[in-house]
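Participant: For reference, the structure I am asking about is given below.
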Amino acid sequence: MGWQGVRKMGYEEYQGLTREETIALPWMHYLYWDGSHNVVVCDRARRGIVHLIGAPQDPNWPKVHAEAARVIDKGREACKFNSGQVNHIRGAFPAEAIGYSHGGGQIEPSNTQHSVRNLKVLNVILANPAVQHISGIANSAYKCYCPNMYEHFKVNDEALRQWKPSLRQNFPKSVFAATTINFGPETITNIHVDSRNSAPASCAVTSLGPFNSHHGGEIVLWNLGLIVRFPPGCTLLLPSALIVHLNLAIQPGEQRFSITQYSAATLSRFVENGFCNDVDILDGSDSTAKEALLSACKTRWKKALDCYRVW
């Protein structure tokens, strides 16, 4: 009803192309981003859709993001993953989400569940100063470049954690409800959309690892016809529920990891419904509430468009 993205992508036929074949597609444009400055990718109405967040002008930054890659690499060796965490829609590499979400049979927002072993590892990763620094940059960039979406996430997160104080906050002051650690060591994603994420909002993706970004690891934004060089230590803000995306292969022997921060679409819906699900309203006896819900569904896309910053 307008909260989530559409699962069907329309680009499935290109799954499995090599890096060279993808770059050679006639409608693709290669954006050589050196990661030293910020770039806003706009639509025809000059709405900022994708935001490339460059590395901080800090001589110690290479050490910071190298430390984040190190703690994730070490964490992979300490974790024990099930088959669904190793082979999934995004690719064939171990990944685990932590934070809180809603959906998949849940009747209300709840914290993600983990084995004792993996939770200990995830807590170590999230407490790492380098990882916290990365989270802070993503959060600040979201506030700067997507102020309306940021404010929505902030109000939503505060309301949910006030309603249910046990909901986890991964990072201090972060407005993102969940974080996925992509443990690599070759985090190369398939063509996919994160359809369960909040559709108009952005997720923050930070690229990490010792790999040569001149020769691999780019992010492909299929709907936009863009291939973007994505150096380690840099962050992208993109509406991952709307834009079909993937990463291109890195070179043999290299490593690539990533951290993604996001919020599920169903969290916003739950709050707007007055801390209940659609089915609770539609199956209820309050006809006014039903009409209001169905009416809101017709205009939600317009309100979402109005939230984008125009440049």
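So you can find residues: chains in the structure tokens are A, B, ... in the order shown, residues in each start at 1, and ligands are numbered from 1 in order.
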From a DSSP pass on the backbone, collect the residues of segment 44-185 of chain A flagged as strand (DSSP E) and hand them back as a list in words.
Facilitator: Gly48, Ile49, Val50, His51, Leu52, Ile53, Asn87, His88, Gly91, Ala92, Ala95, Glu96, Ala97, Ile98, Gly99, Tyr100, Ser101, Ser110, Asn111, Ala178, Thr179, Thr180, Ile181 and Asn182 of chain A
Participant: Identify, on the basis of only C-alpha atoms, every residue whose closest approach to Ser83 of chain A does not exceed 10 Å; exclude the query and any residue fewer than 4 positions from it along the same chain; express the result as a list in words.
Facilitator: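 My list of contacting residues is Asn87, His88, Ala92 and Pro94 of chain A.
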Participant: Could you take the residues named above and write them with N, CA and C atoms, as a PDB file, in the first residue's frame?
Facilitator:
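Saved the output as out28.pdb:
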```pdb
ATOM      1  N   ASN A  87      23.703 -17.966   1.725  1.00  0.00           N
ATOM      2  CA  ASN A  87      23.169 -17.881   0.369  1.00  0.00           C
ATOM      3  C   ASN A  87      21.787 -17.247   0.441  1.00  0.00           C
ATOM      4  N   HIS A  88      21.669 -16.048  -0.109  1.00  0.00           N
ATOM      5  CA  HIS A  88      20.432 -15.283   0.021  1.00  0.00           C
ATOM      6  C   HIS A  88      20.222 -14.464  -1.238  1.00  0.00           C
ATOM      7  N   ALA A  92      26.091 -14.679  -2.454  1.00  0.00           N
ATOM      8  CA  ALA A  92      26.632 -15.849  -1.762  1.00  0.00           C
ATOM      9  C   ALA A  92      27.772 -15.412  -0.851  1.00  0.00           C
ATOM     10  N   PRO A  94      28.284 -14.475   3.694  1.00  0.00           N
ATOM     11  CA  PRO A  94      27.590 -14.396   4.983  1.00  0.00           C
ATOM     12  C   PRO A  94      27.197 -12.962   5.331  1.00  0.00           C
TER      13      PRO A  94
END
```
Participant: Go through A:Arg196, A:Lys120, A:Arg76, A:Arg90 and flag the residue nearest Thr266 of chain A, using only C-alpha atoms for the distances.
Facilitator: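 Of all the options, A:Arg196 lies closest to Thr266 of chain A.
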Participant: For the helix (DSSP H, G or I) assignment from backbone DSSP, which residues of segment 39-119 of chain A qualify? Please present them as a PyMOL selection string.
Facilitator: chain A and resi 61-78+83-86+116-119
Participant: Grab the residues selected above and save them as a PDB file, in the first residue's frame with N, CA and C atoms.
Facilitator:
```
ATOM      1  N   TRP A  61      41.844   8.634   8.225  1.00  0.00           N
ATOM      2  CA  TRP A  61      40.665   7.905   7.775  1.00  0.00           C
ATOM      3  C   TRP A  61      40.985   6.531   7.163  1.00  0.00           C
ATOM      4  N   PRO A  62      42.045   6.383   6.369  1.00  0.00           N
ATOM      5  CA  PRO A  62      42.371   5.042   5.861  1.00  0.00           C
ATOM      6  C   PRO A  62      42.547   4.015   6.978  1.00  0.00           C
ATOM      7  N   LYS A  63      43.133   4.431   8.096  1.00  0.00           N
ATOM      8  CA  LYS A  63      43.294   3.513   9.228  1.00  0.00           C
ATOM      9  C   LYS A  63      41.945   3.192   9.870  1.00  0.00           C
ATOM     10  N   VAL A  64      41.048   4.189   9.888  1.00  0.00           N
ATOM     11  CA  VAL A  64      39.736   3.984  10.509  1.00  0.00           C
ATOM     12  C   VAL A  64      38.935   2.946   9.736  1.00  0.00           C
ATOM     13  N   HIS A  65      38.799   3.133   8.425  1.00  0.00           N
ATOM     14  CA  HIS A  65      37.967   2.166   7.690  1.00  0.00           C
ATOM     15  C   HIS A  65      38.668   0.817   7.515  1.00  0.00           C
ATOM     16  N   ALA A  66      40.004   0.817   7.574  1.00  0.00           N
ATOM     17  CA  ALA A  66      40.717  -0.463   7.569  1.00  0.00           C
ATOM     18  C   ALA A  66      40.441  -1.236   8.857  1.00  0.00           C
ATOM     19  N   GLU A  67      40.317  -0.524   9.969  1.00  0.00           N
ATOM     20  CA  GLU A  67      39.989  -1.166  11.245  1.00  0.00           C
ATOM     21  C   GLU A  67      38.572  -1.745  11.209  1.00  0.00           C
ATOM     22  N   ALA A  68      37.641  -1.035  10.591  1.00  0.00           N
ATOM     23  CA  ALA A  68      36.278  -1.559  10.464  1.00  0.00           C
ATOM     24  C   ALA A  68      36.274  -2.843   9.639  1.00  0.00           C
ATOM     25  N   ALA A  69      37.036  -2.863   8.568  1.00  0.00           N
ATOM     26  CA  ALA A  69      37.136  -4.075   7.752  1.00  0.00           C
ATOM     27  C   ALA A  69      37.765  -5.213   8.548  1.00  0.00           C
ATOM     28  N   ARG A  70      38.772  -4.882   9.343  1.00  0.00           N
ATOM     29  CA  ARG A  70      39.455  -5.911  10.134  1.00  0.00           C
ATOM     30  C   ARG A  70      38.516  -6.564  11.139  1.00  0.00           C
ATOM     31  N   VAL A  71      37.729  -5.755  11.861  1.00  0.00           N
ATOM     32  CA  VAL A  71      36.859  -6.317  12.897  1.00  0.00           C
ATOM     33  C   VAL A  71      35.741  -7.153  12.271  1.00  0.00           C
ATOM     34  N   ILE A  72      35.295  -6.781  11.071  1.00  0.00           N
ATOM     35  CA  ILE A  72      34.279  -7.585  10.382  1.00  0.00           C
ATOM     36  C   ILE A  72      34.885  -8.897   9.891  1.00  0.00           C
ATOM     37  N   ASP A  73      36.084  -8.822   9.343  1.00  0.00           N
ATOM     38  CA  ASP A  73      36.761 -10.032   8.870  1.00  0.00           C
ATOM     39  C   ASP A  73      36.997 -11.003  10.022  1.00  0.00           C
ATOM     40  N   LYS A  74      37.433 -10.474  11.150  1.00  0.00           N
ATOM     41  CA  LYS A  74      37.645 -11.305  12.341  1.00  0.00           C
ATOM     42  C   LYS A  74      36.316 -11.860  12.843  1.00  0.00           C
ATOM     43  N   GLY A  75      35.272 -11.053  12.772  1.00  0.00           N
ATOM     44  CA  GLY A  75      33.957 -11.502  13.213  1.00  0.00           C
ATOM     45  C   GLY A  75      33.423 -12.647  12.383  1.00  0.00           C
ATOM     46  N   ARG A  76      33.703 -12.627  11.091  1.00  0.00           N
ATOM     47  CA  ARG A  76      33.244 -13.725  10.228  1.00  0.00           C
ATOM     48  C   ARG A  76      33.828 -15.058  10.688  1.00  0.00           C
ATOM     49  N   GLU A  77      35.070 -15.042  11.074  1.00  0.00           N
ATOM     50  CA  GLU A  77      35.725 -16.269  11.521  1.00  0.00           C
ATOM     51  C   GLU A  77      35.147 -16.770  12.836  1.00  0.00           C
ATOM     52  N   ALA A  78      34.610 -15.860  13.652  1.00  0.00           N
ATOM     53  CA  ALA A  78      34.075 -16.242  14.964  1.00  0.00           C
ATOM     54  C   ALA A  78      32.605 -16.639  14.915  1.00  0.00           C
ATOM     55  N   SER A  83      22.489 -21.665   6.582  1.00  0.00           N
ATOM     56  CA  SER A  83      22.515 -21.634   5.117  1.00  0.00           C
ATOM     57  C   SER A  83      21.848 -20.384   4.556  1.00  0.00           C
ATOM     58  N   GLY A  84      20.774 -19.919   5.213  1.00  0.00           N
ATOM     59  CA  GLY A  84      20.080 -18.737   4.739  1.00  0.00           C
ATOM     60  C   GLY A  84      20.874 -17.459   4.907  1.00  0.00           C
ATOM     61  N   GLN A  85      21.844 -17.471   5.810  1.00  0.00           N
ATOM     62  CA  GLN A  85      22.688 -16.294   6.022  1.00  0.00           C
ATOM     63  C   GLN A  85      23.882 -16.271   5.081  1.00  0.00           C
ATOM     64  N   VAL A  86      24.131 -17.398   4.427  1.00  0.00           N
ATOM     65  CA  VAL A  86      25.279 -17.503   3.525  1.00  0.00           C
ATOM     66  C   VAL A  86      24.858 -17.392   2.064  1.00  0.00           C
ATOM     67  N   VAL A 116      23.583 -17.021  20.636  1.00  0.00           N
ATOM     68  CA  VAL A 116      24.415 -16.365  21.653  1.00  0.00           C
ATOM     69  C   VAL A 116      25.787 -16.040  21.079  1.00  0.00           C
ATOM     70  N   ARG A 117      26.307 -16.965  20.322  1.00  0.00           N
ATOM     71  CA  ARG A 117      27.639 -16.801  19.738  1.00  0.00           C
ATOM     72  C   ARG A 117      27.687 -15.615  18.775  1.00  0.00           C
ATOM     73  N   ASN A 118      26.745 -15.569  17.842  1.00  0.00           N
ATOM     74  CA  ASN A 118      26.762 -14.504  16.842  1.00  0.00           C
ATOM     75  C   ASN A 118      26.430 -13.141  17.440  1.00  0.00           C
ATOM     76  N   LEU A 119      25.533 -13.121  18.422  1.00  0.00           N
ATOM     77  CA  LEU A 119      25.181 -11.849  19.052  1.00  0.00           C
ATOM     78  C   LEU A 119      26.396 -11.229  19.735  1.00  0.00           C
TER      79      LEU A 119
END
```
Participant: Just checking: using only C-alpha atoms, which residue out of A:Ala177, A:Cys307, A:Gly136, A:Phe81 ends up closest to Lys154 of chain A?
Facilitator: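 Smallest distance to Lys154 of chain A is found for A:Ala177.
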Participant: Closest to Pro26 of chain A among A:Ala199, A:Ala141, A:Phe153, A:Gly225, using only C-alpha atoms?
Facilitator: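 Selected residue with least distance to Pro26 of chain A: A:Gly225.
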Participant: So that I can see what lies close to Glu158 of chain A, please list as a list in words the residues with an atom at most 12 Å from it, counting only C-alpha atoms and leaving out residues fewer than 3 positions away in the same chain.
Facilitator: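 That gives Glu151, His152, Phe153, Lys154, Val155, Arg161, Gln162, Trp163, Lys164, Pro165, Leu167, Arg168, Gln169, Lys173, Ser174, Val175, Phe176, Ala177, Leu267, Ser268 and Val271 of chain A.
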Participant: Just the selected residues (C-alpha atoms), exported as a tab-separated table (two decimals), in the first residue's frame, please.
Facilitator:
```tsv
chain	number	residue	atom	x	y	z
A	151	GLU	CA	13.21	13.75	10.45
A	152	HIS	CA	10.58	11.12	9.60
A	153	PHE	CA	12.96	8.33	10.63
A	154	LYS	CA	13.91	10.19	13.80
A	155	VAL	CA	10.32	10.78	14.92
A	161	ARG	CA	11.23	2.97	21.25
A	162	GLN	CA	9.02	4.96	23.61
A	163	TRP	CA	6.13	2.59	22.85
A	164	LYS	CA	8.40	-0.43	23.28
A	165	PRO	CA	11.58	0.49	25.21
A	167	LEU	CA	13.69	-2.15	20.93
A	168	ARG	CA	17.40	-2.02	20.24
A	169	GLN	CA	19.28	1.06	19.08
A	173	LYS	CA	21.67	9.07	17.92
A	174	SER	CA	21.22	6.90	14.81
A	175	VAL	CA	17.79	7.06	13.16
A	176	PHE	CA	18.24	3.75	11.32
A	177	ALA	CA	16.41	0.82	12.91
A	267	LEU	CA	7.79	0.29	10.92
A	268	SER	CA	6.48	3.53	9.43
A	271	VAL	CA	3.35	4.00	13.68
```
Participant: Which residue out of A:His51, A:Leu160, A:His245, A:Ala264 has the minimum interatomic distance to Ile227 of chain A when only C-alpha atoms are used?
Facilitator: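 Of A:His51, A:Leu160, A:His245, A:Ala264, the one nearest Ile227 of chain A is A:His245, counting only C-alpha atoms.
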Participant: Which residue is closest to Thr189 of chain A? Choose from A:Asn128, A:Asn247, A:Thr299, A:Asn277 and count only C-alpha atoms.
Facilitator: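 Selected residue with least distance to Thr189 of chain A: A:Asn247.
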Participant: Quick one: everything within 10 Å of Gly253 of chain A, counting only C-alpha atoms, minus sequence neighbours fewer than 3 positions away in the same chain. Send it as a PyMOL selection string.
Facilitator: chain A and resi 185-186+210-211+250
Participant: From the set A:Val228, A:Ile191, A:Met28, A:Leu282, which residue has the shortest atom-to-atom contact distance to Leu246 of chain A, counting only C-alpha atoms?
Facilitator: A:Ile191
Participant: Tell me which protein, DNA and RNA residues are within 6 Å of Asn197 of chain A, counting only C-alpha atoms, leaving out same-chain ones fewer than 3 positions away, and put them as an NGL selection string.
Facilitator: :A and (194 or 241 or 263-265)
Participant: Dump N, CA and C atoms for the selected residues as an mmCIF file, in the first residue's frame?
Facilitator:
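result_17.cif written:
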```cif
data_model
loop_
_atom_site.group_PDB
_atom_site.id
_atom_site.type_symbol
_atom_site.label_atom_id
_atom_site.label_comp_id
_atom_site.auth_asym_id
_atom_site.auth_seq_id
_atom_site.Cartn_x
_atom_site.Cartn_y
_atom_site.Cartn_z
ATOM 1 N N ASP A 194 15.904 -4.083 -2.342
ATOM 2 C CA ASP A 194 15.562 -4.363 -0.943
ATOM 3 C C ASP A 194 14.123 -3.909 -0.722
ATOM 4 N N ALA A 241 14.927 0.243 -1.964
ATOM 5 C CA ALA A 241 13.688 -0.469 -2.269
ATOM 6 C C ALA A 241 13.173 -0.109 -3.656
ATOM 7 N N SER A 263 15.828 1.101 7.541
ATOM 8 C CA SER A 263 14.631 0.857 8.356
ATOM 9 C C SER A 263 13.579 0.177 7.491
ATOM 10 N N ALA A 264 12.909 -0.797 8.055
ATOM 11 C CA ALA A 264 11.862 -1.517 7.334
ATOM 12 C C ALA A 264 10.655 -0.613 7.112
ATOM 13 N N ALA A 265 10.017 -0.773 5.960
ATOM 14 C CA ALA A 265 8.842 0.032 5.629
ATOM 15 C C ALA A 265 7.704 -0.179 6.614
#
```
Participant: List as a PyMOL selection string the protein and nucleic acid residues near Ala178 of chain A, meaning an atom at most 7 Å away when only C-alpha atoms are counted, but skip any in the same chain fewer than 3 places from it.
Facilitator: chain A and resi 97-100+261-263
Participant: With C-alpha atoms kept, could you save the residues just selected as an mmCIF file, in the first residue's frame?
Facilitator:
```
data_model
loop_
_atom_site.group_PDB
_atom_site.id
_atom_site.type_symbol
_atom_site.label_atom_id
_atom_site.label_comp_id
_atom_site.auth_asym_id
_atom_site.auth_seq_id
_atom_site.Cartn_x
_atom_site.Cartn_y
_atom_site.Cartn_z
ATOM 1 C CA ALA A 97 21.154 -8.076 10.395
ATOM 2 C CA ILE A 98 20.841 -6.634 13.871
ATOM 3 C CA GLY A 99 18.461 -4.055 15.306
ATOM 4 C CA TYR A 100 14.694 -4.133 15.088
ATOM 5 C CA GLN A 261 21.903 0.824 7.699
ATOM 6 C CA TYR A 262 18.184 1.048 6.987
ATOM 7 C CA SER A 263 14.631 0.857 8.356
#
```
Participant: Neighbouring residues of Val279 of chain A were defined as those with any atom within 12 Å, considering only C-alpha atoms; residues of the same chain fewer than 5 positions away were excluded. Please report them as a VMD selection string.
Facilitator: chain A and resid 107 269 to 270 273 284 to 285 289 to 290 293 to 294
Participant: Could you state the separation of atom CA of Asn182 of chain A and atom CA of Ile259 of chain A in Å, given to one decimal place?
Facilitator: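 It comes out at 6.2 Å.
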Participant: Kindly give the distance, in Å, that separates atom CA of Gly233 of chain A and atom CA of Ser213 of chain A, rounded to a single decimal.
Facilitator: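 Calculated distance between atom CA of Gly233 of chain A and atom CA of Ser213 of chain A is 10.9 Å.
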